[in-house]
Amino acid sequence: MTLAQELVADVWASEYFLELQDQLERDVAQAFVRQPSAEGLSPAEVNDLLRFADLLSYGDTADDRNMAYRVIAQVSQLHAIDFELRAYATAILSKLGNFPGLEYLRELGGELPVLPIEREIERQAKLLTQGTSDGQLVFTDAQYEIRRALATSDFFSFSGPTSIGKSFILKDYIKSLLETEELAGKAIVVLVPTRALITQLIDDFRREITDSRVHVGAFPQTTPLLQRRFDRSVLVLTPERLIRYLSSGSVPVRYLFVDEAQKIAAVKDERSSLYYHAIYETTRRYATQLVFASPNIPNPGIFLDIFGHKERPSLSLQDRTVSQNRYYVNPRTQQASYFKASSAGGSLEEHELDHQLPGTVNGVLATLGAQAANLVYCNGTGPTVELARAFALSRPLVALTPALESLIEFVSTSVHVDYYLITCLRHGVAFHHGRMPHEVRARIEAMFLDGSSPLDFIFCTSTLLEGVNLPAKNIFVLTEKHGGAPFEQVDFENLVGRAGRLTREFSGNVICVPVDESRWTDKTLITTTRPSEAVSFLVDSNKRRTSEFNNIGRVLAGEEIASGFTVGARSNLATYGSLIFLHHLENTESPLVAKFLEKSTSGADLLAAAAESTRVPAAVIRASPSIKLNYQQRALEYIETNRERSQLFPDIEQIEIGPMLALLYELYGWEKEESGGRDPLIPPGLIRAGYGTSQLKYWAMVANHWVKAEPLSRIISYSIHFHQDRGYIWFKLNGVPTKEDFVRSPRHINIIIEQVMTDIDNGLRHKIFRYLQNFFDLSRHVLGDAAAPNWAELIEYGTTDQRSISLQNSGFSRAAARLIIEEYIDFVSFDARHELDEIDIDALRTALPEGNELAEEIRSVIAGFVELADP
């Protein structure tokens, strides 16, 4: 044992240190809940505690280093940043390589003190060696360890706390790769869970990548202009879009970065099987370098194991760049507790406080969230909106700044004048969920991150779990539920890891506040700071565990999956059944087939029988594995029998989707397959009443207006009229499908607003899209070029205008593409196939007005075209 290790061990064994740290923890908690302060630590005791922290910073474990940082964070909350504190903080942060923390310390207290010579040399060495690729910033020690490992292996997986800055590390590595010649004619793909995260990363990459050879995009297709002007690409794609990219014959994928990799092992997430499929197909086709990034799990190597790379390196780090204080507040009892982290290990101890807090959730939020940036997690869109509105109305109006007035006007025109968000904004509150228009979300996020803004509360859904970067000083968690089940520990840590903003503060607060007595019955989520290992039945070594594979066998046999699985898990197993069949059909020796044959005694016979009864081409299954094989076979037989009837839309200008939806409803069994789970296409109440197909009229109305490039605000107005004519409205009330007579009230209007946004994002562009794409692929297989127009493409892009589709493929949003065609068509040209061929950049930039949201977006996109002129 080295001298440093002995000293660290002595610190942990010191009763005096533990007493001081216990008192500091309690002092911080009392100050946070506004409890009248006790005498607290004396200056001498603070000095002793800082000396202990300095010794801990030399420790070998993350627990040692995190405690050293925690002392600095908590002392700075209670005491002025005097010379002594700045000296210890400088020494400790330098030792930890926390250079963002050093910069924040400089902002708080002026120039940093000079360290003893040997420590100053160490700091300067890190400044020189741990710089980012562009030399503008410096990695922390933990970040640098990950960054260095990335460059040493073709396959790598790492995990760390949310605050460690995974996206920051990956973006730096990607920028360095783009400078190499091996990327010429190739693409880098960043795989993300949702379209909400796509838009955020696209914006980040466009700001940070200045290489004029690089195209940053979000769609699988490309255009002649992009092919001519750029020789390398960064594509941010969901699993579904990556699957389509692979079928389009596009440029090879040289690197695949999988963000939020825990999704692959999340059996309750119905899209985890699509993650598997997209990653497996990419690496199989292109011998792609593969990198997984995940939240703080101890076994990130499991993702490499799933894809047959068990021996490749992985790295799990526990070092935090922001310290956390955790609290539990029960409004019913008006009591608060804090969770003490004053010993080494991965659990916290709960201690009660004497101070009474307000007896309502809104009162707790207002009291503990005063003078700070606050995120409030709610479970589901409906509760998020209602809780935000109730809280907003309990607060006074805020002074409207020009930026806030502009946002309110934008929401009024782009969504609806009666949208509850407008009321909330007038009180300094917003809500945020993944189905909202990107333009609205982006402006809310920008205003929230602006320290001078009156917007200081955002009520949000689990969109934050998908990797959306929106940190805050305080995170209030109102329920331990995520969907219909309790949080998994990894998801909870991923959520609350956004408490505390690196470069703005040393610590953040997590406050768990049950909205009713049934919430937070188990505090294990709060007290356990280290998530359990990720598990996956795909690599489970337990020979007796055969349930998942037996049920995959049932899928292949056309039977029902046994009870006991969630809707998401059943969907996953069905998709894995399609993938196993696909690999068998193509004689692919995949780990998935090998595992199935190992676990299922009748697996070989089931695959042989499925091959006898299914004639769906492998290419079609590959593009739509989430649709059960029996439905694809039924659709194929229908097209073969009804060749003329399959050509439903010979004239694209006269499109009416109603008949197609009715056909899909029958062929693909929507009454059974799309009436359960979250946001069903067909409300189960309608099916029980015998009116399942009546909902198709609603979907036809939304789809027809969507593909005519109508703006969201107009589609919402059409939907309000539709429900007024129909006379009733279906929605979920406390999770239960509910039917009410429609009244044109703010409540029903806002239900419709949220419904339309959800239905466009999830119903149309996800669920209905995949059926339309599968039907079109089967039609092309049978009919060739005589197949009907591809309705899936029209739904994806929200237009029938091929010029708009090409503009969107070139990087413009749907709304921006529509504006260009309506107002600035003279500045763009298209080829005979309506593909974007050229942009008069200078003229377009001059013509665009200042201060317009869409105009600014267009400027941002065309900025990437400026540097590289045609030869």
# chains A, B, ... in the order shown; residues from 1 in each chain; ligands from 1
>>> select_by_dssp(residues="segment 302-514 of chain A", states="strand (DSSP E or B)", output="NGL selection string")
:A and (314-316 or 323-330 or 335-340 or 347 or 349-352 or 374-377 or 429-432 or 457-460 or 472 or 474-477 or 481-482 or 485-486 or 499 or 507-512)
>>> select_by_dssp(residues="segment 462-586 of chain A", states="alpha helix (DSSP H)", output="ChimeraX atom specification")
/A:489-496,524-527,547-556,567-585
>>> closest_residue(among="A:Ile188, A:Ala293, A:Leu237, A:Leu137", to="Gly160 of chain A", atoms="only C-alpha atoms")
A:Ala293
>>> residues_around(residues="segment 138-140 of chain A", least_positions_apart="5", cutoff="7 Å", atoms="only C-alpha atoms", output="ChimeraX atom specification")
/A:97-99,127,130-132
>>> write_last_selection(atoms="all heavy atoms", output="PDB file, in the first residue's frame")
ATOM      1  N   GLY A  97      -8.705  16.734 -12.143  1.00  0.00           N
ATOM      2  CA  GLY A  97      -8.777  17.106 -13.557  1.00  0.00           C
ATOM      3  C   GLY A  97     -10.111  17.709 -13.923  1.00  0.00           C
ATOM      4  O   GLY A  97     -10.540  17.641 -15.081  1.00  0.00           O
ATOM      5  N   ASN A  98     -10.799  18.306 -12.964  1.00  0.00           N
ATOM      6  CA  ASN A  98     -12.120  18.892 -13.221  1.00  0.00           C
ATOM      7  C   ASN A  98     -11.929  20.345 -13.660  1.00  0.00           C
ATOM      8  O   ASN A  98     -12.109  21.284 -12.880  1.00  0.00           O
ATOM      9  CB  ASN A  98     -12.986  18.811 -11.968  1.00  0.00           C
ATOM     10  CG  ASN A  98     -14.433  19.161 -12.230  1.00  0.00           C
ATOM     11  OD1 ASN A  98     -14.746  19.896 -13.170  1.00  0.00           O
ATOM     12  ND2 ASN A  98     -15.326  18.644 -11.405  1.00  0.00           N
ATOM     13  N   PHE A  99     -11.581  20.537 -14.917  1.00  0.00           N
ATOM     14  CA  PHE A  99     -11.277  21.883 -15.407  1.00  0.00           C
ATOM     15  C   PHE A  99     -12.522  22.746 -15.594  1.00  0.00           C
ATOM     16  O   PHE A  99     -12.450  23.967 -15.390  1.00  0.00           O
ATOM     17  CB  PHE A  99     -10.446  21.785 -16.690  1.00  0.00           C
ATOM     18  CG  PHE A  99      -9.087  21.209 -16.441  1.00  0.00           C
ATOM     19  CD1 PHE A  99      -8.838  19.862 -16.658  1.00  0.00           C
ATOM     20  CD2 PHE A  99      -8.068  21.987 -15.926  1.00  0.00           C
ATOM     21  CE1 PHE A  99      -7.601  19.311 -16.401  1.00  0.00           C
ATOM     22  CE2 PHE A  99      -6.822  21.454 -15.659  1.00  0.00           C
ATOM     23  CZ  PHE A  99      -6.574  20.110 -15.895  1.00  0.00           C
ATOM     24  N   LEU A 127      -3.437  20.071 -18.642  1.00  0.00           N
ATOM     25  CA  LEU A 127      -3.909  21.079 -19.602  1.00  0.00           C
ATOM     26  C   LEU A 127      -3.348  20.823 -20.996  1.00  0.00           C
ATOM     27  O   LEU A 127      -4.010  21.049 -22.009  1.00  0.00           O
ATOM     28  CB  LEU A 127      -3.528  22.477 -19.119  1.00  0.00           C
ATOM     29  CG  LEU A 127      -4.337  23.049 -17.960  1.00  0.00           C
ATOM     30  CD1 LEU A 127      -3.685  24.323 -17.423  1.00  0.00           C
ATOM     31  CD2 LEU A 127      -5.774  23.342 -18.409  1.00  0.00           C
ATOM     32  N   GLN A 130      -4.710  16.729 -22.031  1.00  0.00           N
ATOM     33  CA  GLN A 130      -6.111  16.337 -21.999  1.00  0.00           C
ATOM     34  C   GLN A 130      -7.016  17.305 -22.755  1.00  0.00           C
ATOM     35  O   GLN A 130      -8.224  17.377 -22.503  1.00  0.00           O
ATOM     36  CB  GLN A 130      -6.584  16.193 -20.540  1.00  0.00           C
ATOM     37  CG  GLN A 130      -5.869  15.069 -19.819  1.00  0.00           C
ATOM     38  CD  GLN A 130      -6.308  14.866 -18.387  1.00  0.00           C
ATOM     39  OE1 GLN A 130      -5.688  14.122 -17.633  1.00  0.00           O
ATOM     40  NE2 GLN A 130      -7.387  15.513 -17.983  1.00  0.00           N
ATOM     41  N   GLY A 131      -6.433  18.027 -23.705  1.00  0.00           N
ATOM     42  CA  GLY A 131      -7.221  18.958 -24.484  1.00  0.00           C
ATOM     43  C   GLY A 131      -8.119  18.254 -25.492  1.00  0.00           C
ATOM     44  O   GLY A 131      -7.840  17.135 -25.939  1.00  0.00           O
ATOM     45  N   THR A 132      -9.217  18.898 -25.853  1.00  0.00           N
ATOM     46  CA  THR A 132     -10.093  18.378 -26.901  1.00  0.00           C
ATOM     47  C   THR A 132      -9.412  18.498 -28.256  1.00  0.00           C
ATOM     48  O   THR A 132      -8.370  19.130 -28.392  1.00  0.00           O
ATOM     49  CB  THR A 132     -11.427  19.143 -26.906  1.00  0.00           C
ATOM     50  OG1 THR A 132     -11.156  20.546 -27.046  1.00  0.00           O
ATOM     51  CG2 THR A 132     -12.201  18.897 -25.627  1.00  0.00           C
TER      52      THR A 132
END
>>> atom_distance(atom1="atom CA of Met757 of chain A", atom2="atom CA of Phe448 of chain A")
22.2 Å
>>> residues_around(residues="Asp305 of chain A", least_positions_apart="2", cutoff="12 Å", atoms="only C-alpha atoms", output="PDB file with N, CA and C atoms, in the first residue's frame")
ATOM      1  N   PHE A 155     -14.066  -1.981 -31.383  1.00  0.00           N
ATOM      2  CA  PHE A 155     -15.310  -2.225 -30.663  1.00  0.00           C
ATOM      3  C   PHE A 155     -15.084  -1.832 -29.202  1.00  0.00           C
ATOM      4  N   PHE A 156     -15.964  -0.973 -28.682  1.00  0.00           N
ATOM      5  CA  PHE A 156     -15.745  -0.442 -27.341  1.00  0.00           C
ATOM      6  C   PHE A 156     -17.083  -0.073 -26.726  1.00  0.00           C
ATOM      7  N   SER A 157     -17.186  -0.256 -25.413  1.00  0.00           N
ATOM      8  CA  SER A 157     -18.408   0.105 -24.693  1.00  0.00           C
ATOM      9  C   SER A 157     -18.019   0.770 -23.384  1.00  0.00           C
ATOM     10  N   ILE A 264     -30.931  -1.455 -25.665  1.00  0.00           N
ATOM     11  CA  ILE A 264     -30.814  -2.769 -26.302  1.00  0.00           C
ATOM     12  C   ILE A 264     -31.245  -3.875 -25.352  1.00  0.00           C
ATOM     13  N   ALA A 265     -30.984  -3.690 -24.071  1.00  0.00           N
ATOM     14  CA  ALA A 265     -31.301  -4.715 -23.081  1.00  0.00           C
ATOM     15  C   ALA A 265     -32.621  -4.453 -22.366  1.00  0.00           C
ATOM     16  N   PHE A 292     -20.519   1.731 -27.925  1.00  0.00           N
ATOM     17  CA  PHE A 292     -21.719   1.850 -27.102  1.00  0.00           C
ATOM     18  C   PHE A 292     -21.466   2.842 -25.972  1.00  0.00           C
ATOM     19  N   ASN A 299     -21.666  -3.015 -15.949  1.00  0.00           N
ATOM     20  CA  ASN A 299     -21.229  -4.018 -16.924  1.00  0.00           C
ATOM     21  C   ASN A 299     -21.528  -3.599 -18.357  1.00  0.00           C
ATOM     22  N   PRO A 300     -20.956  -2.496 -18.829  1.00  0.00           N
ATOM     23  CA  PRO A 300     -21.237  -2.069 -20.202  1.00  0.00           C
ATOM     24  C   PRO A 300     -20.778  -3.065 -21.254  1.00  0.00           C
ATOM     25  N   GLY A 301     -19.908  -4.014 -20.872  1.00  0.00           N
ATOM     26  CA  GLY A 301     -19.458  -5.017 -21.831  1.00  0.00           C
ATOM     27  C   GLY A 301     -20.560  -5.933 -22.308  1.00  0.00           C
ATOM     28  N   ILE A 302     -21.725  -5.921 -21.624  1.00  0.00           N
ATOM     29  CA  ILE A 302     -22.823  -6.796 -22.050  1.00  0.00           C
ATOM     30  C   ILE A 302     -23.278  -6.492 -23.465  1.00  0.00           C
ATOM     31  N   PHE A 303     -23.171  -5.237 -23.892  1.00  0.00           N
ATOM     32  CA  PHE A 303     -23.627  -4.877 -25.233  1.00  0.00           C
ATOM     33  C   PHE A 303     -22.689  -5.448 -26.296  1.00  0.00           C
ATOM     34  N   PHE A 307     -23.472  -8.860 -29.278  1.00  0.00           N
ATOM     35  CA  PHE A 307     -23.146  -8.898 -30.700  1.00  0.00           C
ATOM     36  C   PHE A 307     -21.894  -9.720 -31.001  1.00  0.00           C
ATOM     37  N   GLY A 308     -21.534 -10.606 -30.068  1.00  0.00           N
ATOM     38  CA  GLY A 308     -20.452 -11.540 -30.323  1.00  0.00           C
ATOM     39  C   GLY A 308     -19.065 -10.975 -30.156  1.00  0.00           C
ATOM     40  N   HIS A 309     -18.915  -9.894 -29.370  1.00  0.00           N
ATOM     41  CA  HIS A 309     -17.602  -9.276 -29.170  1.00  0.00           C
ATOM     42  C   HIS A 309     -17.267  -9.220 -27.676  1.00  0.00           C
ATOM     43  N   LYS A 310     -17.460 -10.331 -27.003  1.00  0.00           N
ATOM     44  CA  LYS A 310     -17.330 -10.377 -25.558  1.00  0.00           C
ATOM     45  C   LYS A 310     -15.936  -9.996 -25.081  1.00  0.00           C
ATOM     46  N   GLU A 311     -14.910 -10.310 -25.860  1.00  0.00           N
ATOM     47  CA  GLU A 311     -13.535 -10.074 -25.422  1.00  0.00           C
ATOM     48  C   GLU A 311     -13.065  -8.643 -25.670  1.00  0.00           C
ATOM     49  N   ARG A 312     -13.864  -7.823 -26.304  1.00  0.00           N
ATOM     50  CA  ARG A 312     -13.459  -6.445 -26.592  1.00  0.00           C
ATOM     51  C   ARG A 312     -13.514  -5.597 -25.322  1.00  0.00           C
ATOM     52  N   PRO A 313     -12.763  -4.487 -25.290  1.00  0.00           N
ATOM     53  CA  PRO A 313     -12.658  -3.702 -24.050  1.00  0.00           C
ATOM     54  C   PRO A 313     -13.923  -2.914 -23.722  1.00  0.00           C
ATOM     55  N   SER A 314     -14.140  -2.741 -22.430  1.00  0.00           N
ATOM     56  CA  SER A 314     -15.232  -1.893 -21.941  1.00  0.00           C
ATOM     57  C   SER A 314     -14.738  -1.153 -20.712  1.00  0.00           C
ATOM     58  N   ALA A 534     -26.898  -4.499 -16.074  1.00  0.00           N
ATOM     59  CA  ALA A 534     -27.833  -4.716 -17.177  1.00  0.00           C
ATOM     60  C   ALA A 534     -27.880  -6.215 -17.481  1.00  0.00           C
ATOM     61  N   VAL A 535     -29.062  -6.700 -17.797  1.00  0.00           N
ATOM     62  CA  VAL A 535     -29.228  -8.124 -18.131  1.00  0.00           C
ATOM     63  C   VAL A 535     -29.971  -8.240 -19.449  1.00  0.00           C
ATOM     64  N   SER A 536     -29.720  -9.323 -20.150  1.00  0.00           N
ATOM     65  CA  SER A 536     -30.409  -9.581 -21.414  1.00  0.00           C
ATOM     66  C   SER A 536     -30.537 -11.078 -21.614  1.00  0.00           C
ATOM     67  N   PHE A 537     -31.727 -11.516 -21.982  1.00  0.00           N
ATOM     68  CA  PHE A 537     -31.917 -12.943 -22.232  1.00  0.00           C
ATOM     69  C   PHE A 537     -31.095 -13.404 -23.441  1.00  0.00           C
ATOM     70  N   LEU A 538     -30.624 -12.465 -24.242  1.00  0.00           N
ATOM     71  CA  LEU A 538     -29.844 -12.822 -25.432  1.00  0.00           C
ATOM     72  C   LEU A 538     -28.480 -13.397 -25.073  1.00  0.00           C
ATOM     73  N   VAL A 539     -27.959 -13.073 -23.883  1.00  0.00           N
ATOM     74  CA  VAL A 539     -26.653 -13.592 -23.482  1.00  0.00           C
ATOM     75  C   VAL A 539     -26.724 -14.284 -22.125  1.00  0.00           C
ATOM     76  N   ASP A 540     -27.914 -14.574 -21.656  1.00  0.00           N
ATOM     77  CA  ASP A 540     -28.072 -15.208 -20.349  1.00  0.00           C
ATOM     78  C   ASP A 540     -27.482 -16.619 -20.388  1.00  0.00           C
ATOM     79  N   SER A 541     -26.653 -16.925 -19.404  1.00  0.00           N
ATOM     80  CA  SER A 541     -25.971 -18.217 -19.378  1.00  0.00           C
ATOM     81  C   SER A 541     -26.751 -19.284 -18.611  1.00  0.00           C
ATOM     82  N   PRO A 591     -25.486 -15.060 -33.753  1.00  0.00           N
ATOM     83  CA  PRO A 591     -25.609 -15.454 -32.340  1.00  0.00           C
ATOM     84  C   PRO A 591     -27.069 -15.630 -31.922  1.00  0.00           C
ATOM     85  N   LEU A 592     -27.958 -14.880 -32.553  1.00  0.00           N
ATOM     86  CA  LEU A 592     -29.372 -14.958 -32.207  1.00  0.00           C
ATOM     87  C   LEU A 592     -29.957 -16.327 -32.554  1.00  0.00           C
TER      88      LEU A 592
END
>>> residues_around(residues="Ser694 of chain A", least_positions_apart="3", cutoff="12 Å", atoms="only C-alpha atoms", output="PDB file with C-alpha atoms, in the first residue's frame")
ATOM      1  CA  GLY A 658     -59.233   6.273 -46.130  1.00  0.00           C
ATOM      2  CA  LEU A 661     -56.349   2.491 -43.898  1.00  0.00           C
ATOM      3  CA  ALA A 662     -59.405   0.241 -44.059  1.00  0.00           C
ATOM      4  CA  TYR A 665     -56.891  -2.530 -40.639  1.00  0.00           C
ATOM      5  CA  GLU A 671     -58.254  -4.598 -33.963  1.00  0.00           C
ATOM      6  CA  LEU A 681     -54.346   3.386 -32.885  1.00  0.00           C
ATOM      7  CA  ILE A 682     -57.806   2.045 -32.077  1.00  0.00           C
ATOM      8  CA  PRO A 683     -59.152   2.812 -28.565  1.00  0.00           C
ATOM      9  CA  GLY A 685     -63.451   1.090 -25.835  1.00  0.00           C
ATOM     10  CA  LEU A 686     -64.466   1.578 -29.474  1.00  0.00           C
ATOM     11  CA  ILE A 687     -63.669  -2.052 -30.254  1.00  0.00           C
ATOM     12  CA  ALA A 689     -68.611  -1.151 -28.509  1.00  0.00           C
ATOM     13  CA  GLY A 690     -68.278  -2.581 -32.043  1.00  0.00           C
ATOM     14  CA  TYR A 691     -67.060   0.670 -33.648  1.00  0.00           C
ATOM     15  CA  LYS A 697     -62.099   8.254 -40.277  1.00  0.00           C
ATOM     16  CA  TYR A 698     -60.164  10.241 -37.725  1.00  0.00           C
ATOM     17  CA  TRP A 699     -56.827   8.825 -38.898  1.00  0.00           C
ATOM     18  CA  ALA A 700     -57.766   9.542 -42.508  1.00  0.00           C
ATOM     19  CA  MET A 701     -58.559  13.144 -41.632  1.00  0.00           C
ATOM     20  CA  ARG A 726     -68.691  13.569 -34.450  1.00  0.00           C
TER      21      ARG A 726
END
>>> closest_residue(among="A:Gln356, A:Gln335, A:Ser414, A:Ser779", to="Pro36 of chain A", atoms="only C-alpha atoms")
A:Gln356
>>> residues_around(residues="Leu41 of chain A", least_positions_apart="3", cutoff="8 Å", atoms="only C-alpha atoms", output="list of chain:residue names")
A:Leu20, A:Gln23, A:Leu24, A:Ala44, A:Glu45, A:Val46
>>> decode(residues="segment 628-648 of chain A", atoms="N, CA, C and O atoms", output="PDB file, in the first residue's frame")
ATOM      1  N   LYS A 628     -45.574  -8.936 -37.615  1.00  0.00           N
ATOM      2  CA  LYS A 628     -45.570 -10.398 -37.548  1.00  0.00           C
ATOM      3  C   LYS A 628     -45.617 -11.013 -38.944  1.00  0.00           C
ATOM      4  O   LYS A 628     -46.268 -10.502 -39.855  1.00  0.00           O
ATOM      5  N   LEU A 629     -44.931 -12.154 -39.080  1.00  0.00           N
ATOM      6  CA  LEU A 629     -44.801 -12.805 -40.388  1.00  0.00           C
ATOM      7  C   LEU A 629     -46.144 -13.224 -40.966  1.00  0.00           C
ATOM      8  O   LEU A 629     -46.359 -13.144 -42.184  1.00  0.00           O
ATOM      9  N   ASN A 630     -47.068 -13.669 -40.104  1.00  0.00           N
ATOM     10  CA  ASN A 630     -48.355 -14.123 -40.630  1.00  0.00           C
ATOM     11  C   ASN A 630     -49.131 -12.984 -41.272  1.00  0.00           C
ATOM     12  O   ASN A 630     -49.835 -13.176 -42.275  1.00  0.00           O
ATOM     13  N   TYR A 631     -48.993 -11.761 -40.729  1.00  0.00           N
ATOM     14  CA  TYR A 631     -49.672 -10.616 -41.347  1.00  0.00           C
ATOM     15  C   TYR A 631     -48.988 -10.226 -42.661  1.00  0.00           C
ATOM     16  O   TYR A 631     -49.658  -9.867 -43.633  1.00  0.00           O
ATOM     17  N   GLN A 632     -47.681 -10.286 -42.691  1.00  0.00           N
ATOM     18  CA  GLN A 632     -46.987  -9.978 -43.947  1.00  0.00           C
ATOM     19  C   GLN A 632     -47.362 -10.995 -45.025  1.00  0.00           C
ATOM     20  O   GLN A 632     -47.542 -10.625 -46.191  1.00  0.00           O
ATOM     21  N   GLN A 633     -47.462 -12.246 -44.643  1.00  0.00           N
ATOM     22  CA  GLN A 633     -47.853 -13.270 -45.614  1.00  0.00           C
ATOM     23  C   GLN A 633     -49.281 -13.018 -46.106  1.00  0.00           C
ATOM     24  O   GLN A 633     -49.581 -13.152 -47.300  1.00  0.00           O
ATOM     25  N   ARG A 634     -50.178 -12.624 -45.198  1.00  0.00           N
ATOM     26  CA  ARG A 634     -51.564 -12.326 -45.592  1.00  0.00           C
ATOM     27  C   ARG A 634     -51.607 -11.161 -46.579  1.00  0.00           C
ATOM     28  O   ARG A 634     -52.327 -11.212 -47.583  1.00  0.00           O
ATOM     29  N   ALA A 635     -50.825 -10.108 -46.314  1.00  0.00           N
ATOM     30  CA  ALA A 635     -50.786  -8.960 -47.219  1.00  0.00           C
ATOM     31  C   ALA A 635     -50.212  -9.356 -48.581  1.00  0.00           C
ATOM     32  O   ALA A 635     -50.700  -8.915 -49.628  1.00  0.00           O
ATOM     33  N   LEU A 636     -49.175 -10.192 -48.584  1.00  0.00           N
ATOM     34  CA  LEU A 636     -48.589 -10.653 -49.836  1.00  0.00           C
ATOM     35  C   LEU A 636     -49.617 -11.407 -50.669  1.00  0.00           C
ATOM     36  O   LEU A 636     -49.755 -11.166 -51.888  1.00  0.00           O
ATOM     37  N   GLU A 637     -50.350 -12.298 -50.055  1.00  0.00           N
ATOM     38  CA  GLU A 637     -51.363 -13.078 -50.776  1.00  0.00           C
ATOM     39  C   GLU A 637     -52.470 -12.172 -51.309  1.00  0.00           C
ATOM     40  O   GLU A 637     -52.986 -12.400 -52.413  1.00  0.00           O
ATOM     41  N   TYR A 638     -52.831 -11.160 -50.541  1.00  0.00           N
ATOM     42  CA  TYR A 638     -53.854 -10.221 -51.014  1.00  0.00           C
ATOM     43  C   TYR A 638     -53.382  -9.497 -52.268  1.00  0.00           C
ATOM     44  O   TYR A 638     -54.137  -9.364 -53.245  1.00  0.00           O
ATOM     45  N   ILE A 639     -52.159  -9.021 -52.253  1.00  0.00           N
ATOM     46  CA  ILE A 639     -51.630  -8.285 -53.406  1.00  0.00           C
ATOM     47  C   ILE A 639     -51.541  -9.198 -54.618  1.00  0.00           C
ATOM     48  O   ILE A 639     -51.869  -8.797 -55.751  1.00  0.00           O
ATOM     49  N   GLU A 640     -51.111 -10.427 -54.412  1.00  0.00           N
ATOM     50  CA  GLU A 640     -51.010 -11.378 -55.533  1.00  0.00           C
ATOM     51  C   GLU A 640     -52.378 -11.684 -56.132  1.00  0.00           C
ATOM     52  O   GLU A 640     -52.513 -11.877 -57.343  1.00  0.00           O
ATOM     53  N   THR A 641     -53.403 -11.696 -55.298  1.00  0.00           N
ATOM     54  CA  THR A 641     -54.768 -12.025 -55.766  1.00  0.00           C
ATOM     55  C   THR A 641     -55.478 -10.812 -56.350  1.00  0.00           C
ATOM     56  O   THR A 641     -56.290 -10.938 -57.267  1.00  0.00           O
ATOM     57  N   ASN A 642     -55.186  -9.635 -55.839  1.00  0.00           N
ATOM     58  CA  ASN A 642     -55.902  -8.420 -56.233  1.00  0.00           C
ATOM     59  C   ASN A 642     -54.940  -7.405 -56.831  1.00  0.00           C
ATOM     60  O   ASN A 642     -54.755  -6.308 -56.311  1.00  0.00           O
ATOM     61  N   ARG A 643     -54.310  -7.789 -57.943  1.00  0.00           N
ATOM     62  CA  ARG A 643     -53.263  -6.940 -58.512  1.00  0.00           C
ATOM     63  C   ARG A 643     -53.791  -5.564 -58.898  1.00  0.00           C
ATOM     64  O   ARG A 643     -53.133  -4.557 -58.664  1.00  0.00           O
ATOM     65  N   GLU A 644     -54.959  -5.491 -59.467  1.00  0.00           N
ATOM     66  CA  GLU A 644     -55.492  -4.190 -59.868  1.00  0.00           C
ATOM     67  C   GLU A 644     -55.935  -3.385 -58.652  1.00  0.00           C
ATOM     68  O   GLU A 644     -55.705  -2.196 -58.566  1.00  0.00           O
ATOM     69  N   ARG A 645     -56.578  -4.060 -57.705  1.00  0.00           N
ATOM     70  CA  ARG A 645     -57.043  -3.346 -56.512  1.00  0.00           C
ATOM     71  C   ARG A 645     -55.876  -2.847 -55.665  1.00  0.00           C
ATOM     72  O   ARG A 645     -56.023  -1.931 -54.886  1.00  0.00           O
ATOM     73  N   SER A 646     -54.699  -3.446 -55.846  1.00  0.00           N
ATOM     74  CA  SER A 646     -53.550  -2.991 -55.069  1.00  0.00           C
ATOM     75  C   SER A 646     -53.025  -1.664 -55.566  1.00  0.00           C
ATOM     76  O   SER A 646     -52.300  -0.970 -54.864  1.00  0.00           O
ATOM     77  N   GLN A 647     -53.364  -1.308 -56.811  1.00  0.00           N
ATOM     78  CA  GLN A 647     -52.940  -0.019 -57.353  1.00  0.00           C
ATOM     79  C   GLN A 647     -53.983   1.031 -56.953  1.00  0.00           C
ATOM     80  O   GLN A 647     -54.756   1.495 -57.773  1.00  0.00           O
ATOM     81  N   LEU A 648     -53.995   1.350 -55.677  1.00  0.00           N
ATOM     82  CA  LEU A 648     -55.093   2.151 -55.143  1.00  0.00           C
ATOM     83  C   LEU A 648     -55.001   3.622 -55.510  1.00  0.00           C
ATOM     84  O   LEU A 648     -55.999   4.311 -55.571  1.00  0.00           O
TER      85      LEU A 648
END
